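Data block for target.pdb (PDB, C-alpha atoms):
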```
ATOM      1  CA  MET A1136    -133.322 -72.714 172.590
ATOM      2  CA  ALA A1137    -134.951 -75.427 174.718
ATOM      3  CA  LYS A1138    -132.462 -74.784 177.544
ATOM      4  CA  ARG A1139    -133.198 -71.048 177.434
ATOM      5  CA  ILE A1140    -136.970 -71.625 177.670
ATOM      6  CA  GLU A1141    -136.448 -74.114 180.521
ATOM      7  CA  LYS A1142    -134.293 -71.565 182.356
ATOM      8  CA  THR A1143    -136.919 -68.832 181.854
ATOM      9  CA  GLU A1144    -139.668 -71.136 183.169
ATOM     10  CA  SER A1145    -137.632 -71.886 186.316
ATOM     11  CA  LEU A1146    -137.084 -68.163 186.895
ATOM     12  CA  LYS A1147    -140.847 -67.539 186.575
ATOM     13  CA  SER A1148    -141.604 -70.123 189.254
ATOM     14  CA  LYS A1149    -139.059 -68.699 191.709
ATOM     15  CA  ARG A1150    -140.029 -65.039 191.636
ATOM     16  CA  SER A1151    -143.233 -63.250 192.588
ATOM     17  CA  ASP A1152    -145.104 -60.733 190.445
ATOM     18  CA  VAL A1153    -143.870 -57.946 192.746
ATOM     19  CA  GLU A1154    -140.274 -58.940 192.025
ATOM     20  CA  ALA A1155    -141.086 -59.167 188.310
ATOM     21  CA  VAL A1156    -142.384 -55.582 188.358
ATOM     22  CA  ARG A1157    -139.132 -54.409 189.944
ATOM     23  CA  GLU A1158    -137.080 -56.296 187.375
ATOM     24  CA  LEU A1159    -139.148 -54.838 184.533
ATOM     25  CA  ASN A1160    -138.701 -51.321 185.900
ATOM     26  CA  GLU A1161    -134.919 -51.800 186.054
ATOM     27  CA  SER A1162    -134.838 -53.306 182.556
ATOM     28  CA  PHE A1163    -136.876 -50.411 181.175
ATOM     29  CA  GLN A1164    -134.457 -47.836 182.623
ATOM     30  CA  SER A1165    -131.509 -49.759 181.150
ATOM     31  CA  MET A1166    -133.286 -49.967 177.800
ATOM     32  CA  ARG A1167    -133.879 -46.210 177.721
ATOM     33  CA  SER A1168    -130.205 -45.604 178.499
ATOM     34  CA  GLU A1169    -129.127 -47.832 175.616
ATOM     35  CA  ILE A1170    -131.577 -46.256 173.132
ATOM     36  CA  ALA A1171    -130.377 -42.786 174.224
ATOM     37  CA  LYS A1172    -126.951 -43.664 172.780
ATOM     38  CA  VAL A1173    -128.559 -43.510 169.330
ATOM     39  CA  ILE A1174    -131.837 -41.573 169.675
ATOM     40  CA  ILE A1175    -131.750 -38.087 171.196
ATOM     41  CA  GLY A1176    -134.990 -37.128 172.989
ATOM     42  CA  GLN A1177    -138.350 -38.736 172.082
ATOM     43  CA  ASP A1178    -138.640 -40.105 175.656
ATOM     44  CA  THR A1179    -142.451 -40.144 175.616
ATOM     45  CA  VAL A1180    -142.585 -41.970 172.273
ATOM     46  CA  ILE A1181    -140.072 -44.590 173.483
ATOM     47  CA  GLU A1182    -142.172 -45.209 176.598
ATOM     48  CA  GLN A1183    -145.359 -45.519 174.537
ATOM     49  CA  LEU A1184    -143.702 -47.956 172.101
ATOM     50  CA  PHE A1185    -142.701 -50.198 175.003
ATOM     51  CA  ILE A1186    -146.177 -49.906 176.566
ATOM     52  CA  SER A1187    -147.665 -51.083 173.267
ATOM     53  CA  LEU A1188    -145.212 -53.987 173.036
ATOM     54  CA  LEU A1189    -146.023 -55.128 176.594
ATOM     55  CA  SER A1190    -149.746 -54.866 175.806
ATOM     56  CA  ARG A1191    -149.377 -57.004 172.657
ATOM     57  CA  GLY A1192    -150.505 -54.033 170.578
ATOM     58  CA  HIS A1193    -149.176 -52.356 167.430
ATOM     59  CA  CYS A1194    -148.171 -48.756 166.719
ATOM     60  CA  LEU A1195    -148.691 -46.274 163.904
ATOM     61  CA  LEU A1196    -145.970 -43.577 163.904
ATOM     62  CA  VAL A1197    -146.705 -40.318 162.122
ATOM     63  CA  GLY A1198    -144.015 -37.717 161.568
ATOM     64  CA  VAL A1199    -142.332 -35.574 158.913
ATOM     65  CA  PRO A1200    -139.256 -37.021 157.160
ATOM     66  CA  GLY A1201    -135.970 -36.996 159.041
ATOM     67  CA  LEU A1202    -137.246 -37.550 162.595
ATOM     68  CA  ALA A1203    -135.499 -40.948 162.869
ATOM     69  CA  LYS A1204    -138.684 -43.043 162.884
ATOM     70  CA  THR A1205    -136.990 -45.970 161.146
ATOM     71  CA  LEU A1206    -133.801 -45.657 163.207
ATOM     72  CA  LEU A1207    -135.821 -45.596 166.439
ATOM     73  CA  ILE A1208    -137.615 -48.849 165.598
ATOM     74  CA  LYS A1209    -134.424 -50.584 164.428
ATOM     75  CA  THR A1210    -132.659 -49.504 167.637
ATOM     76  CA  LEU A1211    -135.548 -50.793 169.749
ATOM     77  CA  ALA A1212    -135.333 -54.198 168.038
ATOM     78  CA  ASP A1213    -131.581 -54.298 168.585
ATOM     79  CA  VAL A1214    -131.799 -53.486 172.304
ATOM     80  CA  LEU A1215    -134.545 -56.097 172.777
ATOM     81  CA  ASP A1216    -132.570 -58.729 170.819
ATOM     82  CA  LEU A1217    -135.521 -59.444 168.517
ATOM     83  CA  LYS A1218    -135.644 -60.428 164.845
ATOM     84  CA  PHE A1219    -136.348 -57.288 162.808
ATOM     85  CA  ASN A1220    -137.618 -56.913 159.225
ATOM     86  CA  ARG A1221    -138.338 -53.737 157.316
ATOM     87  CA  ILE A1222    -140.886 -53.576 154.479
ATOM     88  CA  GLN A1223    -140.727 -50.515 152.231
ATOM     89  CA  PHE A1224    -144.310 -50.016 151.053
ATOM     90  CA  THR A1225    -144.593 -48.892 147.432
ATOM     91  CA  PRO A1226    -147.524 -48.686 144.962
ATOM     92  CA  ASP A1227    -146.429 -51.884 143.164
ATOM     93  CA  LEU A1228    -146.012 -53.993 146.336
ATOM     94  CA  MET A1229    -148.082 -57.195 146.289
ATOM     95  CA  PRO A1230    -149.611 -59.056 149.295
ATOM     96  CA  SER A1231    -147.310 -62.033 148.669
ATOM     97  CA  ASP A1232    -144.320 -59.680 149.019
ATOM     98  CA  ILE A1233    -145.350 -59.317 152.679
ATOM     99  CA  THR A1234    -146.737 -62.715 153.676
ATOM    100  CA  GLY A1235    -144.600 -64.960 151.462
ATOM    101  CA  THR A1236    -145.223 -67.083 148.389
ATOM    102  CA  GLU A1237    -145.048 -70.654 147.154
ATOM    103  CA  ILE A1238    -142.319 -71.646 144.733
ATOM    104  CA  ILE A1239    -141.830 -74.853 142.723
ATOM    105  CA  GLU A1240    -138.679 -76.803 143.448
ATOM    106  CA  GLU A1241    -137.365 -80.273 142.739
ATOM    107  CA  ASP A1242    -137.760 -82.931 145.405
ATOM    108  CA  LYS A1243    -134.331 -84.558 145.741
ATOM    109  CA  LYS A1244    -135.804 -87.869 146.925
ATOM    110  CA  SER A1245    -138.515 -88.421 144.340
ATOM    111  CA  GLY A1246    -137.166 -86.243 141.562
ATOM    112  CA  GLY A1247    -140.608 -84.664 141.145
ATOM    113  CA  LYS A1248    -141.744 -81.080 141.531
ATOM    114  CA  VAL A1249    -143.149 -79.845 144.858
ATOM    115  CA  PHE A1250    -144.420 -76.550 146.179
ATOM    116  CA  LYS A1251    -142.393 -74.919 148.948
ATOM    117  CA  PHE A1252    -143.594 -71.926 150.981
ATOM    118  CA  VAL A1253    -141.004 -69.153 151.265
ATOM    119  CA  GLU A1254    -141.700 -66.931 154.262
ATOM    120  CA  GLY A1255    -142.129 -63.211 153.654
ATOM    121  CA  PRO A1256    -140.735 -60.367 155.797
ATOM    122  CA  VAL A1257    -143.786 -60.488 158.090
ATOM    123  CA  PHE A1258    -142.170 -63.522 159.733
ATOM    124  CA  ALA A1259    -140.214 -61.554 162.348
ATOM    125  CA  ASN A1260    -140.674 -60.302 165.908
ATOM    126  CA  ILE A1261    -140.685 -56.617 164.975
ATOM    127  CA  VAL A1262    -141.969 -55.640 161.523
ATOM    128  CA  LEU A1263    -141.502 -52.091 160.265
ATOM    129  CA  ALA A1264    -144.128 -51.195 157.641
ATOM    130  CA  ASP A1265    -142.424 -48.109 156.257
ATOM    131  CA  GLU A1266    -144.753 -45.537 154.663
ATOM    132  CA  ILE A1267    -147.696 -47.921 154.863
ATOM    133  CA  ASN A1268    -150.044 -45.472 153.119
ATOM    134  CA  ARG A1269    -148.033 -45.613 149.872
ATOM    135  CA  THR A1270    -149.425 -49.025 148.890
ATOM    136  CA  PRO A1271    -152.991 -49.840 147.711
ATOM    137  CA  PRO A1272    -155.616 -51.186 150.181
ATOM    138  CA  LYS A1273    -155.286 -54.760 148.839
ATOM    139  CA  THR A1274    -151.659 -54.883 150.002
ATOM    140  CA  GLN A1275    -152.359 -52.985 153.224
ATOM    141  CA  ALA A1276    -154.937 -55.660 154.065
ATOM    142  CA  ALA A1277    -152.230 -58.356 153.915
ATOM    143  CA  LEU A1278    -151.198 -57.226 157.389
ATOM    144  CA  LEU A1279    -154.683 -57.485 158.912
ATOM    145  CA  GLU A1280    -154.665 -61.199 159.764
ATOM    146  CA  SER A1281    -151.112 -61.151 161.093
ATOM    147  CA  MET A1282    -151.794 -58.112 163.301
ATOM    148  CA  GLN A1283    -154.974 -59.546 164.810
ATOM    149  CA  GLU A1284    -154.379 -63.313 164.844
ATOM    150  CA  HIS A1285    -150.557 -63.456 164.717
ATOM    151  CA  LYS A1286    -150.987 -65.899 161.836
ATOM    152  CA  VAL A1287    -150.523 -65.905 158.077
ATOM    153  CA  THR A1288    -152.691 -67.866 155.625
ATOM    154  CA  ALA A1289    -151.163 -68.670 152.250
ATOM    155  CA  ALA A1290    -152.346 -71.200 149.646
ATOM    156  CA  GLY A1291    -154.886 -72.606 152.100
ATOM    157  CA  LYS A1292    -152.345 -73.238 154.870
ATOM    158  CA  THR A1293    -152.027 -71.286 158.109
ATOM    159  CA  TYR A1294    -148.615 -70.450 159.545
ATOM    160  CA  THR A1295    -148.172 -69.174 163.105
ATOM    161  CA  LEU A1296    -145.866 -66.203 163.658
ATOM    162  CA  ASP A1297    -143.205 -66.203 166.359
ATOM    163  CA  GLU A1298    -143.928 -64.354 169.586
ATOM    164  CA  PRO A1299    -143.622 -61.573 170.479
ATOM    165  CA  PHE A1300    -145.031 -60.078 167.270
ATOM    166  CA  PHE A1301    -145.056 -56.299 166.979
ATOM    167  CA  VAL A1302    -145.989 -54.226 163.898
ATOM    168  CA  LEU A1303    -144.808 -50.628 163.651
ATOM    169  CA  ALA A1304    -146.067 -48.650 160.681
ATOM    170  CA  THR A1305    -144.906 -45.195 159.650
ATOM    171  CA  GLN A1306    -146.740 -42.461 157.775
ATOM    172  CA  ASN A1307    -145.695 -39.104 156.391
ATOM    173  CA  PRO A1308    -148.379 -36.514 157.309
ATOM    174  CA  ILE A1309    -147.481 -33.887 154.708
ATOM    175  CA  GLU A1310    -147.286 -35.784 151.403
ATOM    176  CA  GLN A1311    -150.752 -36.702 150.147
ATOM    177  CA  GLU A1312    -150.066 -37.258 146.436
ATOM    178  CA  GLY A1313    -149.747 -40.943 145.574
ATOM    179  CA  THR A1314    -150.947 -42.175 148.975
ATOM    180  CA  TYR A1315    -153.806 -44.437 150.011
ATOM    181  CA  PRO A1316    -155.305 -43.506 153.410
ATOM    182  CA  LEU A1317    -155.668 -46.455 155.781
ATOM    183  CA  PRO A1318    -159.294 -47.602 156.185
ATOM    184  CA  GLU A1319    -160.825 -47.239 159.649
ATOM    185  CA  ALA A1320    -160.918 -51.039 160.124
ATOM    186  CA  GLN A1321    -157.140 -51.208 159.769
ATOM    187  CA  LEU A1322    -156.501 -48.075 161.840
ATOM    188  CA  ASP A1323    -158.442 -49.725 164.661
ATOM    189  CA  ARG A1324    -155.892 -52.586 164.695
ATOM    190  CA  PHE A1325    -153.233 -50.162 165.927
ATOM    191  CA  MET A1326    -153.201 -49.701 169.690
ATOM    192  CA  PHE A1327    -151.421 -46.328 169.525
ATOM    193  CA  ASN A1328    -151.204 -43.533 166.976
ATOM    194  CA  LEU A1329    -147.979 -41.724 167.905
ATOM    195  CA  TRP A1330    -146.990 -38.328 166.505
ATOM    196  CA  LEU A1331    -143.270 -37.529 166.497
ATOM    197  CA  GLU A1332    -142.511 -33.855 167.057
ATOM    198  CA  TYR A1333    -139.486 -31.818 166.023
ATOM    199  CA  PRO A1334    -136.584 -31.970 168.505
ATOM    200  CA  SER A1335    -135.826 -29.000 170.737
ATOM    201  CA  PHE A1336    -132.929 -26.679 169.852
ATOM    202  CA  GLU A1337    -130.569 -28.354 172.351
ATOM    203  CA  GLU A1338    -131.627 -31.849 171.234
ATOM    204  CA  GLU A1339    -131.015 -30.957 167.592
ATOM    205  CA  LYS A1340    -127.516 -29.711 168.480
ATOM    206  CA  GLN A1341    -126.770 -33.082 170.097
ATOM    207  CA  ILE A1342    -128.191 -34.917 167.079
ATOM    208  CA  VAL A1343    -125.946 -32.979 164.700
ATOM    209  CA  LYS A1344    -122.853 -33.546 166.878
ATOM    210  CA  SER A1345    -123.401 -37.306 167.186
ATOM    211  CA  THR A1346    -124.396 -37.994 163.573
ATOM    212  CA  THR A1347    -121.661 -35.944 161.867
ATOM    213  CA  SER A1348    -118.764 -37.580 163.714
ATOM    214  CA  GLN A1349    -117.208 -41.036 163.715
ATOM    215  CA  TYR A1350    -119.099 -41.973 166.880
ATOM    216  CA  SER A1351    -120.644 -45.441 166.494
ATOM    217  CA  PRO A1352    -122.317 -46.703 169.672
ATOM    218  CA  LYS A1353    -122.410 -50.380 170.602
ATOM    219  CA  LEU A1354    -125.760 -51.383 172.046
ATOM    220  CA  LYS A1355    -126.293 -54.031 174.711
ATOM    221  CA  HIS A1356    -129.148 -56.530 174.552
ATOM    222  CA  ILE A1357    -131.353 -55.744 177.573
ATOM    223  CA  LEU A1358    -134.193 -58.240 177.038
ATOM    224  CA  ASN A1359    -134.984 -61.168 174.755
ATOM    225  CA  ALA A1360    -138.097 -62.800 173.305
ATOM    226  CA  ASP A1361    -138.684 -65.105 176.295
ATOM    227  CA  THR A1362    -138.487 -62.344 178.928
ATOM    228  CA  ILE A1363    -140.722 -60.044 176.868
ATOM    229  CA  ILE A1364    -143.401 -62.766 176.640
ATOM    230  CA  ASP A1365    -143.041 -63.207 180.416
ATOM    231  CA  TYR A1366    -143.623 -59.470 180.953
ATOM    232  CA  GLN A1367    -146.570 -59.468 178.520
ATOM    233  CA  ASP A1368    -148.181 -62.173 180.661
ATOM    234  CA  LEU A1369    -147.386 -60.084 183.757
ATOM    235  CA  VAL A1370    -149.344 -57.127 182.322
ATOM    236  CA  ARG A1371    -152.425 -59.343 181.957
ATOM    237  CA  ARG A1372    -152.171 -60.323 185.637
ATOM    238  CA  VAL A1373    -152.081 -56.732 186.926
ATOM    239  CA  PRO A1374    -155.274 -56.052 188.946
ATOM    240  CA  VAL A1375    -157.404 -53.026 188.074
ATOM    241  CA  ALA A1376    -159.902 -51.284 190.374
ATOM    242  CA  ASP A1377    -163.511 -51.049 189.168
ATOM    243  CA  ASN A1378    -163.476 -47.246 189.285
ATOM    244  CA  VAL A1379    -160.545 -47.163 186.829
ATOM    245  CA  ILE A1380    -162.393 -49.467 184.404
ATOM    246  CA  ASP A1381    -165.550 -47.336 184.828
ATOM    247  CA  TYR A1382    -163.546 -44.220 183.944
ATOM    248  CA  ALA A1383    -162.012 -45.811 180.823
ATOM    249  CA  VAL A1384    -165.319 -47.171 179.500
ATOM    250  CA  SER A1385    -167.108 -43.907 180.296
ATOM    251  CA  LEU A1386    -164.431 -41.895 178.468
ATOM    252  CA  VAL A1387    -164.819 -44.038 175.344
ATOM    253  CA  ALA A1388    -168.626 -43.907 175.529
ATOM    254  CA  LYS A1389    -168.481 -40.097 175.593
ATOM    255  CA  THR A1390    -166.793 -40.108 172.160
ATOM    256  CA  ARG A1391    -169.929 -41.577 170.569
ATOM    257  CA  PRO A1392    -172.270 -38.830 169.281
ATOM    258  CA  LYS A1393    -175.426 -40.919 169.778
ATOM    259  CA  ASP A1394    -174.596 -41.876 173.382
ATOM    260  CA  SER A1395    -176.682 -40.108 176.027
ATOM    261  CA  ARG A1396    -173.527 -39.421 178.105
ATOM    262  CA  SER A1397    -171.646 -37.624 175.326
ATOM    263  CA  PRO A1398    -171.348 -33.810 175.676
ATOM    264  CA  GLN A1399    -172.803 -31.429 173.118
ATOM    265  CA  SER A1400    -169.348 -30.721 171.653
ATOM    266  CA  VAL A1401    -169.007 -34.394 170.661
ATOM    267  CA  LYS A1402    -172.479 -34.391 169.086
ATOM    268  CA  ASP A1403    -171.522 -31.250 167.139
ATOM    269  CA  TRP A1404    -168.023 -32.253 166.031
ATOM    270  CA  LEU A1405    -167.833 -36.050 165.637
ATOM    271  CA  THR A1406    -169.310 -38.387 163.027
ATOM    272  CA  TRP A1407    -168.199 -41.590 164.756
ATOM    273  CA  GLY A1408    -166.716 -42.431 168.126
ATOM    274  CA  ALA A1409    -164.387 -45.151 169.372
ATOM    275  CA  GLY A1410    -165.394 -48.816 169.742
ATOM    276  CA  PRO A1411    -164.839 -51.329 172.567
ATOM    277  CA  ARG A1412    -161.269 -52.034 171.418
ATOM    278  CA  ALA A1413    -160.407 -48.521 172.607
ATOM    279  CA  SER A1414    -161.621 -49.358 176.138
ATOM    280  CA  GLN A1415    -159.540 -52.538 176.120
ATOM    281  CA  TYR A1416    -156.405 -50.699 175.017
ATOM    282  CA  LEU A1417    -156.943 -47.902 177.563
ATOM    283  CA  ILE A1418    -156.860 -50.480 180.377
ATOM    284  CA  LEU A1419    -153.997 -52.519 178.909
ATOM    285  CA  GLY A1420    -151.993 -49.342 178.309
ATOM    286  CA  ALA A1421    -152.705 -48.119 181.844
ATOM    287  CA  LYS A1422    -151.607 -51.494 183.261
ATOM    288  CA  ALA A1423    -148.328 -51.481 181.323
ATOM    289  CA  ARG A1424    -147.603 -47.841 182.171
ATOM    290  CA  SER A1425    -148.212 -48.412 185.877
ATOM    291  CA  ILE A1426    -145.739 -51.288 186.195
ATOM    292  CA  LEU A1427    -143.168 -49.481 184.047
ATOM    293  CA  ASN A1428    -143.301 -46.732 186.668
ATOM    294  CA  GLY A1429    -142.975 -49.173 189.557
ATOM    295  CA  LYS A1430    -146.663 -49.248 190.576
ATOM    296  CA  TYR A1431    -148.558 -52.486 191.080
ATOM    297  CA  THR A1432    -151.965 -51.335 189.867
ATOM    298  CA  PRO A1433    -153.041 -48.515 187.495
ATOM    299  CA  ASP A1434    -154.999 -45.428 188.496
ATOM    300  CA  ILE A1435    -157.067 -42.941 186.502
ATOM    301  CA  ASP A1436    -153.965 -40.846 185.709
ATOM    302  CA  ASP A1437    -152.502 -43.852 183.863
ATOM    303  CA  VAL A1438    -155.661 -44.078 181.735
ATOM    304  CA  ARG A1439    -155.520 -40.347 181.000
ATOM    305  CA  ALA A1440    -151.841 -40.626 180.012
ATOM    306  CA  VAL A1441    -152.592 -43.095 177.189
ATOM    307  CA  ALA A1442    -155.950 -41.624 176.124
ATOM    308  CA  ILE A1443    -154.733 -39.413 173.262
ATOM    309  CA  PRO A1444    -152.628 -42.030 171.389
ATOM    310  CA  VAL A1445    -155.386 -44.640 171.879
ATOM    311  CA  LEU A1446    -158.299 -42.451 170.783
ATOM    312  CA  ARG A1447    -157.056 -39.953 168.205
ATOM    313  CA  HIS A1448    -157.216 -42.373 165.232
ATOM    314  CA  ARG A1449    -160.508 -43.940 166.396
ATOM    315  CA  ILE A1450    -162.719 -40.837 166.335
ATOM    316  CA  ILE A1451    -163.808 -39.150 163.113
ATOM    317  CA  PRO A1452    -164.369 -35.359 163.186
ATOM    318  CA  ASN A1453    -167.115 -34.101 160.887
ATOM    319  CA  PHE A1454    -167.311 -31.109 158.558
ATOM    320  CA  ASN A1455    -168.356 -28.771 161.401
ATOM    321  CA  ALA A1456    -165.157 -29.599 163.311
ATOM    322  CA  GLU A1457    -163.024 -28.952 160.231
ATOM    323  CA  ALA A1458    -164.816 -25.666 159.581
ATOM    324  CA  ASP A1459    -164.219 -24.593 163.205
ATOM    325  CA  GLY A1460    -160.569 -25.695 163.074
ATOM    326  CA  ILE A1461    -161.130 -28.374 165.750
ATOM    327  CA  THR A1462    -158.866 -31.439 165.691
ATOM    328  CA  ALA A1463    -159.401 -34.922 167.130
ATOM    329  CA  VAL A1464    -156.771 -34.220 169.805
ATOM    330  CA  GLN A1465    -158.597 -31.065 170.948
ATOM    331  CA  ILE A1466    -161.848 -33.026 171.273
ATOM    332  CA  ILE A1467    -160.106 -35.674 173.406
ATOM    333  CA  GLU A1468    -158.479 -33.003 175.567
ATOM    334  CA  ASN A1469    -161.896 -31.438 176.164
ATOM    335  CA  LEU A1470    -163.237 -34.815 177.295
ATOM    336  CA  LEU A1471    -160.275 -35.311 179.633
ATOM    337  CA  LYS A1472    -160.977 -31.965 181.290
TER     338      LYS A1472
END
```
Once more with this new file: its structure as structure tokens, please.
Amino acid sequence: MAKRIEKTESLKSKRSDVEAVRELNESFQSMRSEIAKVIIGQDTVIEQLFISLLSRGHCLLVGVPGLAKTLLIKTLADVLDLKFNRIQFTPDLMPSDITGTEIIEEDKKSGGKVFKFVEGPVFANIVLADEINRTPPKTQAALLESMQEHKVTAAGKTYTLDEPFFVLATQNPIEQEGTYPLPEAQLDRFMFNLWLEYPSFEEEKQIVKSTTSQYSPKLKHILNADTIIDYQDLVRRVPVADNVIDYAVSLVAKTRPKDSRSPQSVKDWLTWGAGPRASQYLILGAKARSILNGKYTPDIDDVRAVAIPVLRHRIIPNFNAEADGITAVQIIENLLK
């Protein structure tokens, strides 16, 4: 492990950021090719997942059953050569089932009893919180500290999680019975809210052909933890023009009904707008998207491209919007126009 880190450090010192952008672009294309061996379509979602990972964000995936949400995340972890854990959220799940718990065991040296902390499934690089809205708020909140601080506190001790740390949560949008909607404070921890759509007719034909045969693809590891951390640092170093930042902050400000810059439609249809974290994620997402596409600095189009997944779970439509059949996405699209 020490030799691998030393090798990565020497590579960092020898190459420029321009070369790193080229390498990242090549790695991203290779990664998409590998994932395509298992996942048919969903190109936009795959790109947005990787943007979130490079931005040190987390993702909430929403889609009806059978759209390969779990398979997509497991495949991503495999291609990136990262430790992956899946947590199936159920109504009886306890916080300690996620973070870990202390057990009593015998100390072989002294013969006495000692407490030993047993790490929970949150101790991984990629954590899949499957059907996160099926567990009560107390258990949902167990993820809050780890998502924000990349740490876990148990029995008065704080444990640091390995980097990179990436939480992907899934939700089923059609089953409401027996679910606990995520509070706004926890929704705000997710950089992106991604909606998976049904595949096209041709894509579904390919899915059926590949999944009903003996075909079993072997995936190559394209990146590893060290190179991903390197690329995450690269995203932070990407310069951004003032006009792009002005556009992002202005767009977020316009979602707030009490802001003087917000249009009448926002005042009529929204109860609450997005906070400063939305502005931060718009810029980070634009940075990551620009270098994934081989550009060295983001423009306004990059901000617009990530606006819907960043904003749709951070704005709250009111009763008037529901009565008029207006969704959060339609309000964002009106602002982007």
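One finds CA of Arg1424 in chain A at 19.1 Å from CA of Ser1151 in chain A.
Remark: for Pro1299 in chain A, the closest of the candidate residues A:Met1326, A:Ala1277, A:Ile1181, A:Leu1217 is A:Leu1217 (distances computed over all atoms listed in the file).
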For Lys1251 in chain A, list every protein, DNA or RNA residue within 7 Å, evaluated using only C-alpha atoms, and leave out those in the same chain fewer than 5 positions away; present the list as an MDAnalysis selection string. chainID A and resid 1237:1240
Put those residues in a file: C-alpha atoms, as an mmCIF file, in the frame of the given file.
```cif
data_model
loop_
_atom_site.group_PDB
_atom_site.id
_atom_site.type_symbol
_atom_site.label_atom_id
_atom_site.label_comp_id
_atom_site.auth_asym_id
_atom_site.auth_seq_id
_atom_site.Cartn_x
_atom_site.Cartn_y
_atom_site.Cartn_z
ATOM 1 C CA GLU A 1237 -145.048 -70.654 147.154
ATOM 2 C CA ILE A 1238 -142.319 -71.646 144.733
ATOM 3 C CA ILE A 1239 -141.830 -74.853 142.723
ATOM 4 C CA GLU A 1240 -138.679 -76.803 143.448
#
```
Pull out every residue that the PyMOL selection byres ((chain A and resi 1162) around 12) matches in the shown coordinates and put them as a tab-separated table (two decimals) with C-alpha atoms, in the coordinates of the input.
```
chain	number	residue	atom	x	y	z
A	1155	ALA	CA	-141.09	-59.17	188.31
A	1156	VAL	CA	-142.38	-55.58	188.36
A	1157	ARG	CA	-139.13	-54.41	189.94
A	1158	GLU	CA	-137.08	-56.30	187.38
A	1159	LEU	CA	-139.15	-54.84	184.53
A	1160	ASN	CA	-138.70	-51.32	185.90
A	1161	GLU	CA	-134.92	-51.80	186.05
A	1163	PHE	CA	-136.88	-50.41	181.18
A	1164	GLN	CA	-134.46	-47.84	182.62
A	1165	SER	CA	-131.51	-49.76	181.15
A	1166	MET	CA	-133.29	-49.97	177.80
A	1167	ARG	CA	-133.88	-46.21	177.72
A	1168	SER	CA	-130.21	-45.60	178.50
A	1169	GLU	CA	-129.13	-47.83	175.62
A	1185	PHE	CA	-142.70	-50.20	175.00
A	1214	VAL	CA	-131.80	-53.49	172.30
A	1215	LEU	CA	-134.54	-56.10	172.78
A	1355	LYS	CA	-126.29	-54.03	174.71
A	1356	HIS	CA	-129.15	-56.53	174.55
A	1357	ILE	CA	-131.35	-55.74	177.57
A	1358	LEU	CA	-134.19	-58.24	177.04
A	1359	ASN	CA	-134.98	-61.17	174.76
A	1362	THR	CA	-138.49	-62.34	178.93
A	1363	ILE	CA	-140.72	-60.04	176.87
A	1366	TYR	CA	-143.62	-59.47	180.95
A	1426	ILE	CA	-145.74	-51.29	186.20
A	1427	LEU	CA	-143.17	-49.48	184.05
A	1428	ASN	CA	-143.30	-46.73	186.67
A	1429	GLY	CA	-142.98	-49.17	189.56
```
Apply the PyMOL selection byres ((chain A and resi 1391) around 8) to the file shown and report the selected residues as a VMD selection string. chain A and resid 1387 to 1390 1392 to 1394 1397 1401 to 1402 1405 1407 to 1409
Starting from the shown file, work through the PyMOL selection byres ((chain A and resi 1465) around 12) and note down what comes out as a list of chain:residue names. A:Ser1400, A:Val1401, A:Trp1404, A:Leu1405, A:Ile1443, A:Leu1446, A:Arg1447, A:Ile1450, A:Pro1452, A:Ala1456, A:Glu1457, A:Asp1459, A:Gly1460, A:Ile1461, A:Thr1462, A:Ala1463, A:Val1464, A:Ile1466, A:Ile1467, A:Glu1468, A:Asn1469, A:Leu1470, A:Leu1471, A:Lys1472
Excluding Asp1434 in chain A and residues on its chain fewer than 2 positions from it, collect all residues at most 12 Å away from it, counting only C-alpha atoms, and give them as JSON, numbers by chain. {"A": [1373, 1374, 1375, 1376, 1377, 1378, 1379, 1380, 1381, 1382, 1383, 1417, 1418, 1419, 1420, 1421, 1422, 1423, 1424, 1425, 1426, 1428, 1430, 1431, 1432, 1436, 1437, 1438, 1439, 1440, 1441]}
Could you tell me, as an MDAnalysis selection string, which residues have any atom at most 10 Å from (-139.2, -54.5, 154.7), counting only C-alpha atoms? chainID A and resid 1219:1224 1232:1233 1255:1257 1262:1265
Keeping C-alpha atoms, export the residues of the selection given above as a PDB file, in the frame of the given file.
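The resulting out03.pdb:
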```pdb
ATOM      1  CA  PHE A1219    -136.348 -57.288 162.808  1.00  0.00           C
ATOM      2  CA  ASN A1220    -137.618 -56.913 159.225  1.00  0.00           C
ATOM      3  CA  ARG A1221    -138.338 -53.737 157.316  1.00  0.00           C
ATOM      4  CA  ILE A1222    -140.886 -53.576 154.479  1.00  0.00           C
ATOM      5  CA  GLN A1223    -140.727 -50.515 152.231  1.00  0.00           C
ATOM      6  CA  PHE A1224    -144.310 -50.016 151.053  1.00  0.00           C
ATOM      7  CA  ASP A1232    -144.320 -59.680 149.019  1.00  0.00           C
ATOM      8  CA  ILE A1233    -145.350 -59.317 152.679  1.00  0.00           C
ATOM      9  CA  GLY A1255    -142.129 -63.211 153.654  1.00  0.00           C
ATOM     10  CA  PRO A1256    -140.735 -60.367 155.797  1.00  0.00           C
ATOM     11  CA  VAL A1257    -143.786 -60.488 158.090  1.00  0.00           C
ATOM     12  CA  VAL A1262    -141.969 -55.640 161.523  1.00  0.00           C
ATOM     13  CA  LEU A1263    -141.502 -52.091 160.265  1.00  0.00           C
ATOM     14  CA  ALA A1264    -144.128 -51.195 157.641  1.00  0.00           C
ATOM     15  CA  ASP A1265    -142.424 -48.109 156.257  1.00  0.00           C
TER      16      ASP A1265
END
```
Excluding same-chain residues fewer than 6 positions from range 1271-1275 of chain A, what lies within 6 Å of it counting all atoms listed in the file, as a ChimeraX atom specification? /A:1229-1230,1315
Assuming 3 Å of padding per side, give the centre and edge lengths of the axis-aligned box around every listed atom of range 1344-1354 of chain A, in Å to one decimal and as AutoDock Vina command-line options.
```
--center_x -121.5 --center_y -42.5 --center_z 167.0 --size_x 14.6 --size_y 23.8 --size_z 16.2
```
